[in-house]
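J.: What follows is a structure written as structure tokens; I'll ask about it next.
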Amino acid sequence: MSRLRGTGQRMSLIAVENINVGYGTHMVLRNVSLTIEPGEIVTVVGPNGSGKTTLLRALIGAAHPTSGRITRQPGLRIGYVPQKLHIDPTLPMTVERFLRLPGGTQRSACAQALERAGVPDLSQRQMSALSGGQMQRVLLARALINNPELLLLDEATQGLDQPGSAAFYRQIDDVRRQTGCAILMISHELHVVMSASDRVICLNGHICCEGAPEIVSAAPEYRALFGTGTGGALALYRHDHDHSHDDGEACGHDHGHDAPLPRNVPRPPNNAG
């Protein structure tokens with residue numbers, strides 16, 4: 001059953017209840033439950049192979065749970081920003097033409113979407129001539145064309161440098177303030193996205209921790225969880241559920257209180273997809 005929120009008794013945009021998703025005999029997501037509420041920014045973080053993209057695919061209906069249920073608000077409008085889009089460099093196509101595909105989109109809607117994406121002057125630029133950062137802003141504009149109530153971003157800053165990523169996430173926050181849409185982001189860049197998020201979900205096949213971000217700083221716990229040696233960050237989460245990790249040890253949190261990420265989360269294999 002979808003959770004109701006606030007005095008207006010609004011339904012969650014999406015409610016996920018104990019879903020399991022697998023490919024063949026390989027189970028990628030196990031007993032995952034979460035909700036996305038109107039107007040919030042939620043970031044899903046986790047190492048490679050933790051199931052982040054699979055979760056997003058399940059939310060948009062591209063992957064089907066073997067058990068559990070996903071409930072969407074009736075008529076929910078969803079916008080999607082992929083990691084990247086490959087454009088044939090020999091194909092002549094302006095940004096405006098790309099935004100109007102497959103047809104029927106008004107030029108005024110394209111112009112408004114580009115404005116919201118922070119690139120109002122790109123409408124006549126060739127798609128093949130865009131920089132990486134410009135391309136991601138155009139993909140963001142495409143996702144905003146139909147005024148979505150929920151915007152999904154699948155590692156949309158992959159390939160951008162840190163200043164470019166930070167600028168993109170600032171734009172995402174502007175979009176939320178301008179449109180009121182909820183945003184669900186998938187990212188490896190904890191040091192960037194934590195400051196832009198209302199809520200963070202740590203995923204490693206199952207939800208390890210979930211809550212409001214409090215502190216980001218260099219710490220071994222982050223490197224252990226995400227398999228990075230770049231300095232990382234220690235994030236504090238509000239731990240609101242009771243579970244054990246795959247190694248059979250308890251999380252070690254006092255439930256309902258802010259606490260560091262668990263030290264006993266196993267490092268995933270490097271070749272996980």
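We label chains A, B, ... in the order they appear in the structure tokens, count residues from 1 in each chain, and number ligands from 1 in the order shown.
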Could you find all residues in segment 31-124 of chain A that DSSP calls strand (DSSP E) from the backbone, and write them as a ChimeraX atom specification?

T.: /A:31-36,41-45,67-72,78-81

J.: So which residues touch segment 96-101 of chain A within 12 Å, counting only C-alpha atoms, skipping near sequence neighbours fewer than 4 positions away, as a PyMOL selection string?

T.: chain A and resi 85+87+91-92+105-114+119-128+135+137-146

J.: Output the selection as a CSV table (one decimal), in the first residue's frame - N, CA and C atoms for each residue.

T.:
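The resulting file, again02.csv, is shown below:
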```csv
chain,number,residue,atom,x,y,z
A,85,LEU,N,24.5,9.5,-24.2
A,85,LEU,CA,23.8,9.3,-25.4
A,85,LEU,C,24.8,9.4,-26.6
A,87,ILE,N,25.6,9.9,-30.3
A,87,ILE,CA,25.1,10.6,-31.5
A,87,ILE,C,26.1,10.4,-32.6
A,91,LEU,N,25.6,12.8,-38.4
A,91,LEU,CA,24.2,13.0,-38.5
A,91,LEU,C,23.9,14.5,-38.2
A,92,PRO,N,23.5,15.3,-39.1
A,92,PRO,CA,23.1,16.7,-38.9
A,92,PRO,C,21.8,16.8,-38.1
A,105,THR,N,6.3,18.5,-30.3
A,105,THR,CA,6.7,19.4,-29.2
A,105,THR,C,6.9,20.8,-29.7
A,106,GLN,N,6.3,21.8,-29.1
A,106,GLN,CA,6.4,23.1,-29.5
A,106,GLN,C,7.7,23.7,-29.2
A,107,ARG,N,8.1,24.7,-30.1
A,107,ARG,CA,9.4,25.4,-29.9
A,107,ARG,C,9.5,26.1,-28.5
A,108,SER,N,8.3,26.6,-28.1
A,108,SER,CA,8.3,27.3,-26.8
A,108,SER,C,8.6,26.4,-25.7
A,109,ALA,N,8.1,25.1,-25.8
A,109,ALA,CA,8.4,24.1,-24.7
A,109,ALA,C,9.9,23.8,-24.7
A,110,CYS,N,10.5,23.7,-25.9
A,110,CYS,CA,11.9,23.4,-26.0
A,110,CYS,C,12.7,24.5,-25.4
A,111,ALA,N,12.4,25.7,-25.7
A,111,ALA,CA,13.1,26.9,-25.2
A,111,ALA,C,13.0,27.0,-23.7
A,112,GLN,N,11.8,26.7,-23.1
A,112,GLN,CA,11.6,26.7,-21.7
A,112,GLN,C,12.5,25.6,-21.0
A,113,ALA,N,12.5,24.4,-21.6
A,113,ALA,CA,13.3,23.3,-21.1
A,113,ALA,C,14.8,23.6,-21.1
A,114,LEU,N,15.3,24.2,-22.2
A,114,LEU,CA,16.7,24.6,-22.2
A,114,LEU,C,17.0,25.6,-21.2
A,119,VAL,N,21.0,26.1,-20.3
A,119,VAL,CA,21.6,26.2,-21.6
A,119,VAL,C,20.7,26.9,-22.6
A,120,PRO,N,20.2,28.1,-22.3
A,120,PRO,CA,19.2,28.6,-23.2
A,120,PRO,C,19.7,29.0,-24.6
A,121,ASP,N,21.0,29.0,-24.8
A,121,ASP,CA,21.5,29.5,-26.1
A,121,ASP,C,21.9,28.3,-27.0
A,122,LEU,N,21.6,27.1,-26.7
A,122,LEU,CA,22.1,25.9,-27.5
A,122,LEU,C,21.1,25.4,-28.5
A,123,SER,N,20.0,26.0,-28.7
A,123,SER,CA,18.9,25.4,-29.5
A,123,SER,C,19.4,25.2,-31.0
A,124,GLN,N,20.2,26.0,-31.5
A,124,GLN,CA,20.7,25.8,-32.9
A,124,GLN,C,22.1,25.2,-33.0
A,125,ARG,N,22.6,24.8,-31.9
A,125,ARG,CA,23.9,24.1,-31.9
A,125,ARG,C,23.7,22.6,-32.4
A,126,GLN,N,24.7,22.1,-33.2
A,126,GLN,CA,24.6,20.8,-33.7
A,126,GLN,C,24.9,19.8,-32.5
A,127,MET,N,24.1,18.8,-32.4
A,127,MET,CA,24.3,17.8,-31.3
A,127,MET,C,25.7,17.2,-31.3
A,128,SER,N,26.3,17.0,-32.4
A,128,SER,CA,27.6,16.4,-32.5
A,128,SER,C,28.7,17.4,-32.0
A,135,MET,N,26.0,18.3,-23.4
A,135,MET,CA,25.2,17.2,-23.8
A,135,MET,C,24.3,16.8,-22.6
A,137,ARG,N,23.3,18.6,-20.2
A,137,ARG,CA,22.3,19.7,-20.0
A,137,ARG,C,21.1,19.5,-21.0
A,138,VAL,N,21.5,19.1,-22.2
A,138,VAL,CA,20.5,18.9,-23.2
A,138,VAL,C,19.6,17.7,-22.9
A,139,LEU,N,20.3,16.6,-22.4
A,139,LEU,CA,19.5,15.5,-22.0
A,139,LEU,C,18.6,15.8,-20.8
A,140,LEU,N,19.1,16.7,-20.0
A,140,LEU,CA,18.2,17.1,-18.9
A,140,LEU,C,17.0,17.9,-19.4
A,141,ALA,N,17.3,18.8,-20.4
A,141,ALA,CA,16.2,19.6,-21.0
A,141,ALA,C,15.2,18.6,-21.6
A,142,ARG,N,15.6,17.6,-22.3
A,142,ARG,CA,14.7,16.6,-23.0
A,142,ARG,C,13.8,16.0,-21.9
A,143,ALA,N,14.4,15.6,-20.7
A,143,ALA,CA,13.7,15.0,-19.7
A,143,ALA,C,12.6,16.0,-19.1
A,144,LEU,N,12.9,17.3,-19.2
A,144,LEU,CA,12.0,18.3,-18.6
A,144,LEU,C,10.9,18.7,-19.5
A,145,ILE,N,10.9,18.3,-20.8
A,145,ILE,CA,9.9,18.8,-21.8
A,145,ILE,C,8.5,18.6,-21.3
A,146,ASN,N,8.2,17.5,-20.8
A,146,ASN,CA,6.8,17.2,-20.4
A,146,ASN,C,6.5,17.5,-18.9
```

J.: Would you list the contacts of Thr35 of chain A as a PyMOL selection string, taking every protein, DNA or RNA residue within 8 Å and counting only C-alpha atoms, but skipping same-chain residues closer than 5 positions in sequence?

T.: chain A and resi 3+12-16

J.: Would you kindly return, as a ChimeraX atom specification, each protein, DNA or RNA residue with an atom no farther than 12 Å from any atom of Gly61 of chain A, considering only C-alpha atoms and excluding same-chain residues fewer than 3 positions away?

T.: /A:14,21,54-58,64-65,69-72,78

J.: Enumerate the residues of segment 36-220 of chain A with a DSSP assignment of helix (DSSP H, G or I), computed from the backbone, and present them as a ChimeraX atom specification.

T.: /A:52-60,95-100,107-116,127-129,132-144,162-179,190-196,220

J.: Just how far from atom CA of Leu203 of chain A is atom CA of Gly24 of chain A, in Å to one decimal?

T.: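 So the answer is 20.7 Å.
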
J.: Looking at only C-alpha atoms, which of A:His188, A:Arg170, A:Lys52, A:Arg116 is the one that sits closest to Val28 of chain A?

T.: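 Of all the options, A:Lys52 lies closest to Val28 of chain A.
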
J.: Counting only C-alpha atoms, which residue out of A:Ala129, A:Val175, A:Ala212, A:Ile186 sits closest to Gln83 of chain A?

T.: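 Among A:Ala129, A:Val175, A:Ala212, A:Ile186, it is A:Ile186 that comes nearest to Gln83 of chain A.
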
J.: Pick the closest to Val42 of chain A from A:Met185, A:Leu130, A:Ile60, A:Met93: which is it, counting only C-alpha atoms?

T.: A:Met185
